[in-house]
$ cat data03.csv   # CSV, C-alpha atoms
chain,number,residue,atom,x,y,z
J,265,MET,CA,-30.2,261.3,59.5
J,266,LYS,CA,-29.4,261.9,63.2
J,267,LYS,CA,-29.7,259.0,65.5
J,268,LYS,CA,-32.1,259.6,68.4
J,269,ILE,CA,-30.3,259.4,71.7
J,270,GLY,CA,-32.4,258.1,74.6
J,271,LEU,CA,-32.1,256.5,78.0
J,272,PRO,CA,-30.7,253.0,78.3
J,273,ALA,CA,-33.2,250.2,77.7
J,274,PHE,CA,-33.0,248.9,81.3
J,275,LEU,CA,-34.4,252.3,82.4
J,276,THR,CA,-37.1,252.8,79.8
J,277,ASP,CA,-38.1,249.2,78.9
J,278,ARG,CA,-41.6,248.5,80.3
J,279,LYS,CA,-40.5,245.1,81.5
J,280,TYR,CA,-38.0,246.7,83.9
J,281,ARG,CA,-40.0,249.8,84.8
J,282,SER,CA,-41.0,248.5,88.2
J,283,ARG,CA,-37.4,247.7,89.1
J,284,THR,CA,-36.3,251.2,88.1
J,285,THR,CA,-39.1,252.8,90.1
J,286,SER,CA,-38.2,250.8,93.2
J,287,PHE,CA,-34.5,251.7,93.1
J,288,ALA,CA,-35.2,255.4,92.3
J,289,PHE,CA,-37.7,255.6,95.1
J,290,VAL,CA,-35.2,254.2,97.7
J,291,ILE,CA,-32.3,256.3,96.5
J,292,PHE,CA,-34.4,259.5,96.4
J,293,GLY,CA,-35.8,258.8,99.9
J,294,TRP,CA,-32.2,258.2,101.2
J,295,VAL,CA,-31.0,261.5,99.8
J,296,ILE,CA,-33.9,263.5,101.2
J,297,LEU,CA,-33.6,262.0,104.6
J,298,GLU,CA,-29.8,262.5,104.7
J,299,ILE,CA,-30.3,266.2,103.9
J,300,MET,CA,-33.0,266.5,106.6
J,301,MET,CA,-30.8,264.8,109.2
J,302,ASN,CA,-27.8,266.9,108.4
J,303,THR,CA,-29.8,270.1,108.6
J,304,GLY,CA,-31.6,269.1,111.8
J,305,SER,CA,-35.0,269.1,110.1
J,306,LEU,CA,-35.8,265.5,111.3
J,307,SER,CA,-36.9,265.0,114.9
J,308,SER,CA,-35.1,262.5,117.1
J,309,LEU,CA,-38.2,260.3,117.2
J,310,PHE,CA,-38.2,259.8,113.4
J,311,THR,CA,-34.5,259.5,113.3
J,312,SER,CA,-34.6,256.6,115.7
J,313,LEU,CA,-37.2,254.9,113.4
J,314,LEU,CA,-35.1,254.9,110.2
J,315,VAL,CA,-33.2,251.7,110.9
J,316,PRO,CA,-36.3,249.7,112.0
J,317,VAL,CA,-38.1,250.9,108.9
J,318,CYS,CA,-35.3,249.7,106.7
J,319,CYS,CA,-35.4,246.3,108.5
J,320,TYR,CA,-39.1,245.9,108.0
J,321,ILE,CA,-38.8,246.8,104.4
J,322,VAL,CA,-36.2,244.2,103.7
J,323,ALA,CA,-38.2,241.5,105.6
J,324,ALA,CA,-41.4,242.5,103.7
J,325,ILE,CA,-39.6,242.4,100.3
J,326,GLY,CA,-38.4,238.9,101.2
J,327,LEU,CA,-42.0,237.9,102.3
J,328,ASN,CA,-43.4,239.4,99.0
J,329,LEU,CA,-41.1,237.1,97.1
J,330,ASN,CA,-42.6,234.2,99.0
J,331,VAL,CA,-46.2,235.2,99.1
J,332,GLY,CA,-46.6,237.4,96.0
J,333,ILE,CA,-44.2,235.7,93.5
J,334,SER,CA,-44.2,232.1,94.7
J,335,GLY,CA,-47.7,232.1,95.9
J,336,GLU,CA,-47.0,230.4,99.3
J,337,LEU,CA,-48.6,231.9,102.4
J,338,ASN,CA,-45.8,232.2,105.0
J,339,LEU,CA,-46.6,233.2,108.6
J,340,GLY,CA,-43.2,232.6,110.0
J,341,GLN,CA,-41.2,235.5,108.6
J,342,ALA,CA,-40.6,236.8,112.2
J,343,CYS,CA,-39.0,233.5,113.0
J,344,PHE,CA,-36.2,234.0,110.5
J,345,MET,CA,-35.8,237.6,111.7
J,346,SER,CA,-35.3,236.4,115.2
J,347,VAL,CA,-32.7,233.8,114.1
J,348,GLY,CA,-30.8,236.5,112.2
J,349,ALA,CA,-31.1,239.0,115.1
J,350,PHE,CA,-29.8,236.8,117.8
J,351,THR,CA,-27.1,235.2,115.6
J,352,ALA,CA,-25.8,238.7,114.8
J,353,VAL,CA,-26.0,239.8,118.5
J,354,CYS,CA,-24.0,236.8,119.6
J,355,LEU,CA,-21.4,237.1,116.9
J,356,SER,CA,-20.9,240.8,117.4
J,357,GLY,CA,-20.6,240.3,121.2
J,358,SER,CA,-18.1,237.5,120.7
J,359,LEU,CA,-15.9,239.5,118.3
J,360,ALA,CA,-16.0,242.7,120.3
J,361,GLN,CA,-12.5,242.2,121.7
J,362,THR,CA,-11.0,240.5,118.6
J,363,ILE,CA,-12.4,242.9,116.0
J,364,PRO,CA,-12.8,246.4,117.5
J,365,SER,CA,-14.0,247.9,114.2
J,366,PRO,CA,-17.8,248.2,114.4
J,367,VAL,CA,-18.1,248.3,110.6
J,368,ILE,CA,-16.4,245.0,110.1
J,369,ARG,CA,-18.4,243.4,112.9
J,370,LEU,CA,-21.6,244.7,111.4
J,371,ILE,CA,-20.8,243.3,107.9
J,372,LEU,CA,-19.8,239.9,109.4
J,373,SER,CA,-22.9,239.9,111.6
J,374,LEU,CA,-25.2,240.6,108.6
J,375,PHE,CA,-23.7,237.8,106.6
J,376,ALA,CA,-23.9,235.4,109.6
J,377,GLY,CA,-27.5,236.3,110.3
J,378,ALA,CA,-28.5,235.9,106.7
J,379,PHE,CA,-26.7,232.6,106.4
J,380,VAL,CA,-28.0,231.0,109.5
J,381,ALA,CA,-31.6,232.1,108.7
J,382,ALA,CA,-31.2,230.6,105.2
J,383,VAL,CA,-30.0,227.3,106.7
J,384,PHE,CA,-33.1,227.4,109.0
J,385,GLY,CA,-35.2,228.1,106.0
J,386,ALA,CA,-33.9,225.2,104.1
J,387,LEU,CA,-34.3,222.8,107.0
J,388,ILE,CA,-37.9,224.0,107.7
J,389,GLY,CA,-38.7,224.1,104.0
J,390,ILE,CA,-38.1,220.4,103.6
J,391,PRO,CA,-41.2,219.2,105.4
J,392,VAL,CA,-43.2,222.5,105.2
J,393,LEU,CA,-43.1,223.0,101.4
J,394,LYS,CA,-44.8,219.7,100.8
J,395,LEU,CA,-48.0,221.3,102.1
J,396,GLU,CA,-50.2,224.0,100.5
J,397,GLY,CA,-52.6,226.8,101.4
J,398,ASP,CA,-53.8,227.0,104.9
J,399,TYR,CA,-51.7,224.0,106.1
J,400,LEU,CA,-48.5,225.7,105.0
J,401,ALA,CA,-49.5,228.9,106.8
J,402,ILE,CA,-50.3,227.0,110.0
J,403,VAL,CA,-47.0,225.0,110.0
J,404,THR,CA,-44.8,228.0,109.3
J,405,LEU,CA,-46.6,229.7,112.2
J,406,ALA,CA,-45.9,226.7,114.4
J,407,PHE,CA,-42.2,226.7,113.5
J,408,GLY,CA,-42.1,230.4,114.4
J,409,GLN,CA,-43.4,229.6,117.9
J,410,ILE,CA,-40.9,226.7,118.2
J,411,VAL,CA,-37.9,228.9,117.4
J,412,LYS,CA,-39.2,231.7,119.7
J,413,SER,CA,-39.4,229.1,122.6
J,414,LEU,CA,-35.9,227.8,121.9
J,415,ILE,CA,-34.4,231.2,122.0
J,416,THR,CA,-36.4,232.1,125.1
J,417,ASN,CA,-34.9,229.1,127.0
J,418,THR,CA,-31.3,229.6,125.8
J,419,PHE,CA,-28.5,230.9,128.0
J,420,PHE,CA,-25.3,231.7,126.2
J,421,GLY,CA,-22.2,233.5,127.5
J,422,ILE,CA,-18.5,234.1,126.8
J,423,ASP,CA,-15.4,234.7,129.0
J,424,ASP,CA,-11.7,234.1,128.8
J,425,ALA,CA,-12.3,230.3,129.0
J,426,GLY,CA,-14.5,230.3,125.9
J,427,PHE,CA,-18.2,229.8,125.3
J,428,HIS,CA,-20.7,228.6,127.9
J,429,PHE,CA,-24.2,227.3,127.0
J,430,SER,CA,-27.2,226.2,129.0
J,431,PHE,CA,-30.8,225.4,128.2
J,432,VAL,CA,-34.0,225.9,130.2
J,433,GLU,CA,-32.2,226.6,133.4
J,434,ASN,CA,-29.4,229.2,133.7
J,435,LYS,CA,-26.4,227.1,134.7
J,436,VAL,CA,-23.8,229.4,133.0
J,437,GLU,CA,-21.0,230.4,135.3
J,438,LEU,CA,-18.7,233.1,133.9
J,439,MET,CA,-15.3,234.2,135.0
J,440,PRO,CA,-14.8,237.8,136.0
J,441,GLY,CA,-15.0,240.0,132.9
J,442,GLY,CA,-17.3,237.5,131.1
J,443,LYS,CA,-20.4,238.5,129.3
J,444,MET,CA,-23.9,236.9,128.9
J,445,LEU,CA,-24.8,237.2,125.2
J,446,LEU,CA,-28.2,235.5,125.6
J,447,ASN,CA,-30.0,235.5,128.9
J,448,GLY,CA,-33.2,233.4,128.3
J,449,PRO,CA,-36.5,235.3,128.5
J,450,MET,CA,-34.5,238.6,129.0
J,451,GLY,CA,-32.9,238.1,125.6
J,452,ALA,CA,-29.8,240.0,124.6
J,453,THR,CA,-28.7,242.8,126.9
J,454,GLY,CA,-25.8,245.2,126.8
J,455,THR,CA,-25.5,244.9,123.0
J,456,GLU,CA,-23.3,247.5,121.3
J,457,ARG,CA,-25.5,249.5,118.8
J,458,ILE,CA,-23.6,249.4,115.5
J,459,SER,CA,-26.4,249.6,113.0
J,460,ASN,CA,-26.9,252.7,110.9
J,461,PHE,CA,-29.3,254.1,108.3
J,462,THR,CA,-26.9,254.0,105.4
J,463,THR,CA,-26.4,250.3,106.0
J,464,GLY,CA,-30.1,249.8,106.0
J,465,ILE,CA,-30.5,251.6,102.6
J,466,ILE,CA,-27.7,249.4,101.1
J,467,LEU,CA,-29.4,246.3,102.5
J,468,ILE,CA,-32.7,247.4,100.8
J,469,LEU,CA,-31.0,248.0,97.5
J,470,ILE,CA,-29.3,244.6,97.7
J,471,SER,CA,-32.6,242.9,98.5
J,472,LEU,CA,-34.3,244.6,95.5
J,473,LEU,CA,-31.4,243.6,93.3
J,474,VAL,CA,-31.6,239.9,94.4
J,475,VAL,CA,-35.4,239.8,94.1
J,476,PHE,CA,-35.7,241.5,90.7
J,477,HIS,CA,-32.7,239.5,89.3
J,478,LEU,CA,-34.6,236.3,90.4
J,479,ILE,CA,-37.9,237.5,89.0
J,480,TYR,CA,-36.5,238.3,85.6
J,481,SER,CA,-34.4,235.1,85.4
J,482,ARG,CA,-35.3,231.7,84.2
J,483,SER,CA,-35.8,230.4,87.7
J,484,GLY,CA,-38.1,233.3,88.5
J,485,ARG,CA,-40.3,232.5,85.4
J,486,ALA,CA,-40.4,228.9,86.7
J,487,ILE,CA,-41.5,230.0,90.1
J,488,MET,CA,-44.3,232.1,88.7
J,489,ALA,CA,-45.3,229.3,86.3
J,490,ALA,CA,-45.6,226.9,89.2
J,491,ARG,CA,-47.6,229.5,91.1
J,492,ASP,CA,-50.1,230.0,88.3
J,493,ASN,CA,-50.6,226.4,87.2
J,494,ARG,CA,-48.9,223.6,89.1
J,495,ILE,CA,-50.0,220.8,86.7
J,496,ALA,CA,-48.9,222.7,83.6
J,497,ALA,CA,-45.6,223.5,85.2
J,498,GLU,CA,-44.9,219.9,86.1
J,499,SER,CA,-45.9,218.8,82.6
J,500,VAL,CA,-43.0,220.8,81.1
J,501,GLY,CA,-40.5,219.6,83.6
J,502,ILE,CA,-40.4,222.3,86.2
J,503,GLY,CA,-39.6,221.0,89.7
J,504,ILE,CA,-42.3,222.4,91.9
J,505,PHE,CA,-40.5,221.6,95.2
J,506,ARG,CA,-37.2,223.1,93.9
J,507,THR,CA,-38.8,226.3,92.9
J,508,LYS,CA,-40.7,226.7,96.2
J,509,MET,CA,-37.5,225.9,98.1
J,510,LEU,CA,-35.5,228.5,96.2
J,511,SER,CA,-37.9,231.4,96.9
J,512,PHE,CA,-38.4,230.2,100.5
J,513,VAL,CA,-34.7,230.1,101.3
J,514,ILE,CA,-34.1,233.5,99.7
J,515,SER,CA,-37.0,235.0,101.6
J,516,SER,CA,-35.6,233.5,104.8
J,517,CYS,CA,-32.1,234.9,104.0
J,518,LEU,CA,-33.4,238.4,103.5
J,519,ALA,CA,-35.4,238.2,106.8
J,520,GLY,CA,-32.3,237.0,108.6
J,521,ALA,CA,-30.3,240.0,107.3
J,522,ALA,CA,-33.1,242.3,108.3
J,523,GLY,CA,-33.2,240.8,111.8
J,524,ALA,CA,-29.4,241.1,112.1
J,525,LEU,CA,-29.6,244.8,111.4
J,526,TYR,CA,-32.5,245.2,113.7
J,527,GLY,CA,-30.9,243.3,116.6
J,528,LEU,CA,-27.7,245.4,116.4
J,529,ASN,CA,-29.8,248.6,116.6
J,530,TYR,CA,-30.9,248.1,120.2
J,531,SER,CA,-29.0,247.6,123.4
J,532,THR,CA,-31.7,245.2,124.7
J,533,LEU,CA,-33.7,242.7,122.5
J,534,VAL,CA,-36.2,240.2,123.8
J,535,PRO,CA,-37.4,237.1,121.9
J,536,ALA,CA,-41.0,238.2,122.4
J,537,LYS,CA,-40.4,241.0,119.9
J,538,PHE,CA,-40.5,238.5,117.1
J,539,ASP,CA,-43.9,236.9,117.8
J,540,PHE,CA,-46.9,236.1,115.7
J,541,ASN,CA,-48.0,239.8,115.6
J,542,THR,CA,-44.7,240.7,113.8
J,543,SER,CA,-45.3,238.1,111.1
J,544,ILE,CA,-48.9,239.4,110.6
J,545,LEU,CA,-47.7,243.0,110.4
J,546,LEU,CA,-45.2,242.0,107.7
J,547,LEU,CA,-48.0,240.2,105.8
J,548,VAL,CA,-50.1,243.3,106.1
J,549,TYR,CA,-47.3,245.4,104.6
J,550,VAL,CA,-47.1,243.0,101.7
J,551,VAL,CA,-50.8,242.7,101.0
J,552,LEU,CA,-51.5,246.5,101.2
J,553,GLY,CA,-48.5,247.2,99.0
J,554,GLY,CA,-49.6,244.7,96.5
J,555,LEU,CA,-48.6,241.1,95.9
J,556,GLY,CA,-45.5,241.0,93.7
J,557,ASN,CA,-45.3,244.9,93.8
J,558,MET,CA,-42.0,245.7,95.5
J,559,THR,CA,-42.4,249.5,95.3
J,560,GLY,CA,-45.9,249.2,96.8
J,561,THR,CA,-44.4,247.1,99.6
J,562,ILE,CA,-41.8,249.7,100.4
J,563,ILE,CA,-44.4,252.5,100.5
J,564,ALA,CA,-46.9,250.5,102.6
J,565,THR,CA,-44.2,249.6,105.1
J,566,VAL,CA,-43.0,253.1,105.5
J,567,VAL,CA,-46.5,254.5,105.9
J,568,LEU,CA,-47.8,251.8,108.3
J,569,VAL,CA,-44.7,251.9,110.5
J,570,LEU,CA,-44.7,255.7,110.8
J,571,LEU,CA,-48.5,256.1,111.0
J,572,PRO,CA,-48.8,255.1,114.7
J,573,GLU,CA,-46.0,257.5,115.6
J,574,LEU,CA,-47.7,260.4,113.6
J,575,LEU,CA,-50.9,259.7,115.5
J,576,ARG,CA,-49.2,259.5,118.9
J,577,SER,CA,-50.6,262.9,119.9
J,578,MET,CA,-54.1,261.2,119.7
J,579,GLN,CA,-53.2,258.6,122.2
J,580,ASP,CA,-56.8,257.4,122.9
J,581,TYR,CA,-57.8,257.1,119.2
J,582,ARG,CA,-54.6,256.4,117.3
J,583,MET,CA,-55.1,252.6,117.0
J,584,LEU,CA,-58.7,253.1,116.1
J,585,ILE,CA,-57.6,255.5,113.3
J,586,TYR,CA,-54.9,253.1,112.3
J,587,ALA,CA,-57.4,250.3,111.9
J,588,ILE,CA,-59.8,252.5,109.9
J,589,VAL,CA,-57.0,253.5,107.6
J,590,LEU,CA,-56.2,249.9,106.9
J,591,ILE,CA,-59.8,249.1,106.1
J,592,LEU,CA,-60.1,252.1,103.8
J,593,ILE,CA,-56.9,251.1,101.9
J,594,MET,CA,-58.1,247.6,101.4
J,595,LEU,CA,-61.5,248.8,100.2
J,596,LEU,CA,-60.0,251.3,97.8
J,597,THR,CA,-57.3,249.0,96.4
J,598,ASN,CA,-59.9,246.3,95.7
J,599,ASN,CA,-62.5,248.6,94.1
J,600,GLU,CA,-62.8,248.1,90.4
J,601,THR,CA,-63.8,251.8,89.8
J,602,VAL,CA,-60.7,253.0,91.6
J,603,ARG,CA,-58.5,250.6,89.7
J,604,THR,CA,-59.9,251.7,86.4
J,605,ALA,CA,-59.4,255.3,87.2
J,606,LEU,CA,-55.8,254.7,88.3
J,607,GLN,CA,-55.1,252.7,85.1
J,608,ARG,CA,-56.6,255.6,83.0
J,609,ILE,CA,-54.3,258.1,84.8
J,610,ARG,CA,-51.3,255.9,84.3
J,611,ARG,CA,-52.0,255.5,80.6
J,612,LYS,CA,-52.3,259.3,80.2
J,613,VAL,CA,-49.0,259.9,82.1
J,614,ARG,CA,-47.2,257.3,79.9
J,615,GLY,CA,-48.7,258.8,76.8
J,616,LYS,CA,-47.4,262.3,77.7
J,617,THR,CA,-44.0,260.9,78.6
J,618,ASN,CA,-43.7,259.0,75.3
J,619,GLY,CA,-44.9,262.1,73.5
$ encode --input "data03.csv" --output "structure tokens"
Amino acid sequence: MKKKIGLPAFLTDRKYRSRTTSFAFVIFGWVILEIMMNTGSLSSLFTSLLVPVCCYIVAAIGLNLNVGISGELNLGQACFMSVGAFTAVCLSGSLAQTIPSPVIRLILSLFAGAFVAAVFGALIGIPVLKLEGDYLAIVTLAFGQIVKSLITNTFFGIDDAGFHFSFVENKVELMPGGKMLLNGPMGATGTERISNFTTGIILILISLLVVFHLIYSRSGRAIMAARDNRIAAESVGIGIFRTKMLSFVISSCLAGAAGALYGLNYSTLVPAKFDFNTSILLLVYVVLGGLGNMTGTIIATVVLVLLPELLRSMQDYRMLIYAIVLILIMLLTNNETVRTALQRIRRKVRGKTNG
């Protein structure tokens, strides 16, 4: 009797199907976009949006871990993006003379941005994660405004004598040849642009790997158990604060890495870029893509970032159309008839595939 040869279990197992779909979608998209760029089929406008889209996807994946998997409403994701962005800008600018290779500086900056954002996440999480619901959302929003104000009032430069720092008022005096890395409300200026699309794709794949590994692990099951029933989780010995802190720190770390890549993609970056609106946009990406659905988050982020640009020719009506599209998506995704139809189609497709 011949043994039936099939695909590996991690590709066909229903448990891991969402993970396989997410990775396949990202890799397929990267291949298609690389071909389009190499053949000149992609306009300069959309080429310039590739890195920002990757950054928003990574930040949204991290937020989905926090909101969709852990069940905690976080309105401060832009705060951690700003921490990662300005950490990366300062480190890259400081190492420009010592390490001329942009690839090495980019890697170091990404690690630094992710690490510093994770530290901020741990420090903020100590008082914040003792709250629940609306209170948690309000406090994370407040911390985001605090961090934004701190960066706005920071002046930081480097010259041959070393680093120079000033707060509120610009009292930094640099020697000839020195460079201001942070210039208060003006943010970071004159930054060398070293981010690239391939690094963004790698960062997305790493984010998916981290998140899915956590979801399928024992810690991930504990996080979801605490989300579904706090009392039952505590009764079997699950540490609620520990599980919340784990997802919050990982979410902050991913946002910091996304911010680092974003900050090194622009020659000028102001703190106002990471305001309350950015946090709300990231939350919209997560909600429209589906709580806990990483593939849906990726698709929703791509569509909602590119949609305003696609409608740019309709300058007077594009934001109106954008708002109408958001409302229609919310109505459709929350309609029982539409859900039932989609489930029926999905079952038919799976039946044909298994057949």
$ closest_residue --input "data03.csv" --among "J:Leu372, J:Cys319, J:Ile390, J:Leu574" --to "Ser356 in chain J" --atoms "all atoms listed in the file"
J:Leu372
$ closest_residue --input "data03.csv" --among "J:Gly326, J:Gly520, J:Pro366, J:Gly335" --to "Lys508 in chain J" --atoms "only C-alpha atoms"
J:Gly335
$ closest_atom_pairs --input "data03.csv" --of "range 430-524 of chain J" --to "range 341-352 of chain J" --cutoff "8 Å" --atoms "only C-alpha atoms" --output "Markdown table"
| residue | atom | partner | partner_atom | distance |
| --- | --- | --- | --- | --- |
| J:Ala452 | CA | J:Phe350 | CA | 7.5 |
| J:Ser516 | CA | J:Phe344 | CA | 5.8 |
| J:Cys517 | CA | J:Phe344 | CA | 7.7 |
| J:Ala519 | CA | J:Met345 | CA | 5.0 |
| J:Gly520 | CA | J:Gly348 | CA | 3.9 |
| J:Ala521 | CA | J:Gly348 | CA | 6.0 |
| J:Ala522 | CA | J:Met345 | CA | 6.4 |
| J:Gly523 | CA | J:Met345 | CA | 4.1 |
| J:Ala524 | CA | J:Ala349 | CA | 4.0 |
$ write_last_selection --input "data03.csv" --atoms "C-alpha atoms" --output "compact mmCIF listing (two decimals), keeping the file's coordinate frame"
# COMPACT_ATOMS: atom_id res chain seq x y z
CA ALA J 452 -29.80 240.00 124.60
CA SER J 516 -35.60 233.50 104.80
CA CYS J 517 -32.10 234.90 104.00
CA ALA J 519 -35.40 238.20 106.80
CA GLY J 520 -32.30 237.00 108.60
CA ALA J 521 -30.30 240.00 107.30
CA ALA J 522 -33.10 242.30 108.30
CA GLY J 523 -33.20 240.80 111.80
CA ALA J 524 -29.40 241.10 112.10
$ atom_distance --input "data03.csv" --atom1 "CA of Leu355 in chain J" --atom2 "CA of Arg369 in chain J"
8.0 Å
$ atom_distance --input "data03.csv" --atom1 "CA of Ile502 in chain J" --atom2 "CA of Leu393 in chain J"
15.5 Å
$ atom_distance --input "data03.csv" --atom1 "CA of Leu568 in chain J" --atom2 "CA of Ile585 in chain J"
11.6 Å
$ closest_residue --input "data03.csv" --among "J:Glu498, J:Leu518, J:Phe512, J:Gln409" --to "Phe375 in chain J" --atoms "all atoms listed in the file"
J:Leu518
$ residues_around --input "data03.csv" --residues "Ala486 in chain J" --least-positions-apart "4" --cutoff "10 Å" --atoms "only C-alpha atoms" --output "list in words"
Ser334, Ile479, Ser481, Arg482, Ala490, Arg491, Asp492, Ala497, Gly501, Ile502, Gly503, Ile504, Arg506, Thr507 and Lys508 of chain J
$ write_last_selection --input "data03.csv" --atoms "C-alpha atoms" --output "compact mmCIF listing (two decimals), in the frame of the given file"
# COMPACT_ATOMS: atom_id res chain seq x y z
CA SER J 334 -44.20 232.10 94.70
CA ILE J 479 -37.90 237.50 89.00
CA SER J 481 -34.40 235.10 85.40
CA ARG J 482 -35.30 231.70 84.20
CA ALA J 490 -45.60 226.90 89.20
CA ARG J 491 -47.60 229.50 91.10
CA ASP J 492 -50.10 230.00 88.30
CA ALA J 497 -45.60 223.50 85.20
CA GLY J 501 -40.50 219.60 83.60
CA ILE J 502 -40.40 222.30 86.20
CA GLY J 503 -39.60 221.00 89.70
CA ILE J 504 -42.30 222.40 91.90
CA ARG J 506 -37.20 223.10 93.90
CA THR J 507 -38.80 226.30 92.90
CA LYS J 508 -40.70 226.70 96.20
$ residues_around --input "data03.csv" --residues "Leu337 in chain J" --least-positions-apart "6" --cutoff "10 Å" --atoms "all atoms listed in the file" --output "list in words"
Leu327, Asn328, Asn330, Val331, Glu396, Gly397, Asp398, Tyr399, Leu400, Ala401, Ile402, Thr404 and Leu547 of chain J
$ closest_residue --input "data03.csv" --among "J:Leu592, J:Ile514, J:Leu545, J:Ile291" --to "Gly385 in chain J" --atoms "all atoms listed in the file"
J:Ile514
$ closest_residue --input "data03.csv" --among "J:Gly389, J:Gly332, J:Gly357, J:Gly451" --to "Phe538 in chain J" --atoms "only C-alpha atoms"
J:Gly451
$ closest_residue --input "data03.csv" --among "J:Val474, J:Asn302, J:Thr416, J:Val392" --to "Phe505 in chain J" --atoms "only C-alpha atoms"
J:Val392
$ residues_around --input "data03.csv" --residues "Leu525 in chain J" --least-positions-apart "5" --cutoff "10 Å" --atoms "only C-alpha atoms" --output "ChimeraX atom specification"
/J:315-316,318-319,345,348-349,352-353,370-371,373-374,377,457-461,463-464,467,519-520,530
$ residues_around --input "data03.csv" --residues "Leu438 in chain J" --least-positions-apart "3" --cutoff "8 Å" --atoms "all atoms listed in the file" --output "PyMOL selection string"
chain J and resi 421-423+428+441-443
$ write_last_selection --input "data03.csv" --atoms "C-alpha atoms" --output "compact mmCIF listing (two decimals), in the coordinates of the input"
# COMPACT_ATOMS: atom_id res chain seq x y z
CA GLY J 421 -22.20 233.50 127.50
CA ILE J 422 -18.50 234.10 126.80
CA ASP J 423 -15.40 234.70 129.00
CA HIS J 428 -20.70 228.60 127.90
CA GLY J 441 -15.00 240.00 132.90
CA GLY J 442 -17.30 237.50 131.10
CA LYS J 443 -20.40 238.50 129.30
$ residues_around --input "data03.csv" --residues "Phe287 in chain J" --least-positions-apart "5" --cutoff "10 Å" --atoms "only C-alpha atoms" --output "JSON, numbers by chain"
{"J": [282, 292, 293, 468, 469, 470, 472, 473, 558, 559]}
$ decode --input "data03.csv" --residues "range 418-433 of chain J" --atoms "N, CA and C atoms" --output "compact mmCIF listing (two decimals), in the first residue's frame"
# COMPACT_ATOMS: atom_id res chain seq x y z
N THR J 418 12.71 68.50 23.88
CA THR J 418 14.07 67.98 24.02
C THR J 418 14.97 68.49 22.90
N PHE J 419 16.15 68.96 23.29
CA PHE J 419 17.17 69.41 22.34
C PHE J 419 18.42 68.56 22.59
N PHE J 420 18.89 67.91 21.54
CA PHE J 420 19.97 66.94 21.68
C PHE J 420 20.89 67.04 20.48
N GLY J 421 22.19 67.20 20.73
CA GLY J 421 23.15 67.34 19.65
C GLY J 421 24.45 66.61 19.95
N ILE J 422 25.30 66.50 18.93
CA ILE J 422 26.59 65.82 19.08
C ILE J 422 27.64 66.58 18.29
N ASP J 423 28.83 66.65 18.86
CA ASP J 423 29.99 67.22 18.16
C ASP J 423 31.24 66.48 18.63
N ASP J 424 32.39 67.03 18.33
CA ASP J 424 33.64 66.35 18.68
C ASP J 424 33.83 66.23 20.19
N ALA J 425 33.17 67.09 20.96
CA ALA J 425 33.29 67.05 22.42
C ALA J 425 32.35 66.06 23.07
N GLY J 426 31.42 65.51 22.29
CA GLY J 426 30.48 64.53 22.83
C GLY J 426 29.04 64.97 22.64
N PHE J 427 28.19 64.46 23.52
CA PHE J 427 26.75 64.75 23.44
C PHE J 427 26.40 66.00 24.25
N HIS J 428 25.39 66.71 23.76
CA HIS J 428 24.91 67.90 24.45
C HIS J 428 23.39 67.82 24.54
N PHE J 429 22.86 68.12 25.73
CA PHE J 429 21.44 67.95 25.98
C PHE J 429 20.87 69.19 26.65
N SER J 430 19.65 69.52 26.25
CA SER J 430 18.93 70.63 26.87
C SER J 430 17.44 70.33 26.84
N PHE J 431 16.73 70.87 27.82
CA PHE J 431 15.29 70.61 27.91
C PHE J 431 14.52 71.93 28.01
N VAL J 432 13.42 72.02 27.32
CA VAL J 432 12.51 73.17 27.25
C VAL J 432 13.12 74.29 26.41
N GLU J 433 14.28 74.81 26.83
CA GLU J 433 14.95 75.88 26.08
C GLU J 433 16.19 75.33 25.40
